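Novice: Here it is, the structure in full.
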Amino acid sequence: MEFGVKPNDKTSESQDMTSPKALLNAWNLRPKKRLGQHFLVDPSTASMIVRHSRITSQDTIVEIGAGLGALTIPLARIARRVYAVEKDSHLSGLLKTELLVHKLTNVEIIEKNILNVDMQFLAEKLDRPLVVIGNLPYNISSQVLVKLIEARSNVNRAILMFQKELARRITASPGNKDYGRLTVMLAYCAAIKSIATVAAALFYPAPKIDSEVVEVNFNVPREYPPHDEVMLFEVIRAAFGKRRKTLRNALSNSDLQVEPLKAQQALIAAGIDPGRRAETLDAAEFVALQISLAQVQKST
């Protein structure tokens, strides 16, 4: 899988790019719909992504869905190391050849599903935090984001492309209908910034809708009172599990097994109106709620 935006610059990296359709035909390959494969046809896009990624010669990159190498190649020219994760073994063979043609030796191809890749192990190999870059299939986008949140001690930031529906969700503000569990989890530990809108026509084959490139920066200070992060994420899940209900009812009808009166007491102690709904709380309020719930449960 590859990136794409409106063409806006021409660089030496861009001009090395071969037509994806021609490459695939030469190898007698076709895009696999079940894997959500869409390949970049606009060579200026990789330059834009690399520029916004702020990659240096000391960085270790994990690329999700390396595909035909449109992004792998310019990244490898700058970064210290690139771990190119590509689930499709047929594409991996093609990518190896492309890397040989461009005389790049600092790329390690990993033939795995990104959800099965050990981020801590990769970070420790070169004793550097990772920068993650990739175009995420819609069906695993949320899972990948949760994985990155859990691995954030080993990941500085991620530059990711999503279908616009998910991009709206992760960049939403409290009170917005798109605001949800994943929004809160990311806001709790990262700064989110939209970088560019991506035109569907810039891919082969073209997806049905446009996408958006988003930066998730975990290397930002976030100060909260001492709290239990595992329980915090459980509280967030419970609150959004019944998002049409008030927080009091959502919490008391969840796997947290909080009695309605205890839920109300915890909400009031946290300074939160029990009649509010999950989508109106920001990350700091959820932290306060988790602390309050823990105290109420401890006193039971």
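Chain labels A, B, ... are given in the sequence in which chains occur in the structure tokens; within each chain residues are numbered consecutively from 1, and ligands are likewise numbered from 1 in the order shown.
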May I have the residues within 10 Å of Met161 (chain A) as JSON, numbers by chain, using only C-alpha atoms and disregarding those fewer than 5 positions away in the same chain?
Specialist: {"A": [2, 3, 4, 133, 134, 135, 136, 137, 138, 141, 166, 167, 194, 195, 196, 197, 198, 211, 212, 213, 214, 215]}
Novice: Enumerate, as a count of residues only, the complete set of residues in region 14-176 of chain A that a backbone-based DSSP assignment places in strand (DSSP E).
Specialist: 31
Novice: Just asking: which residues within region 65-209 of chain A are alpha helix (DSSP H) according to DSSP, as a ChimeraX atom specification?
Specialist: /A:72-78,89-101,119-125,141-150,164-170,181-189
Novice: Quote the spacing between CA of Val287 (chain A) and CA of Val144 (chain A) in Å to one decimal place.
Specialist: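 The value is 23.0 Å.
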Novice: Please identify all polymer residues within 9 Å of Gln297 (chain A), counting only C-alpha atoms, omitting same-chain residues fewer than 4 positions from it, and present them as a short mmCIF file (atom, residue, chain, number, x, y, z; two decimals) with N, CA and C atoms, in the first residue's frame.
Specialist:
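Output file selection.cif follows:
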data_model
loop_
_atom_site.label_atom_id
_atom_site.label_comp_id
_atom_site.auth_asym_id
_atom_site.auth_seq_id
_atom_site.Cartn_x
_atom_site.Cartn_y
_atom_site.Cartn_z
N VAL A 258 -20.16 -1.67 37.97
CA VAL A 258 -20.31 -0.58 38.92
C VAL A 258 -21.80 -0.39 39.21
N LYS A 262 -22.96 3.90 42.91
CA LYS A 262 -21.51 4.09 42.95
C LYS A 262 -21.04 4.86 41.71
N SER A 292 -11.56 8.57 40.36
CA SER A 292 -12.72 8.59 41.25
C SER A 292 -13.39 7.22 41.37
N LEU A 293 -13.54 6.53 40.24
CA LEU A 293 -14.11 5.19 40.26
C LEU A 293 -13.26 4.23 41.08
#
Novice: Any idea what's packed within 12 Å of Gln257 (chain A), counting only C-alpha atoms, ignoring anything in its chain fewer than 6 positions away? Could you give it as a PyMOL selection string?
Specialist: chain A and resi 234-235+238+248-251+263+293+297
Novice: At a cut-off of 12 Å, using only C-alpha atoms, what residues contact Leu100 (chain A)? Leave out same-chain residues fewer than 6 positions from it and give the result as a VMD selection string.
Specialist: chain A and resid 69 73 93 to 94 106 to 107
Novice: Using only C-alpha atoms, which protein or nucleic acid residues come within 9 Å of Ala187 (chain A)? Drop anything in the same chain fewer than 3 positions from it, and give the result as a list in words.
Specialist: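 Here the qualifying residues turn out to be Ile170, Thr171, Leu182, Thr183, Val184, Ala190, Ala191, Ile192, Asp282 and Ala283 of chain A.
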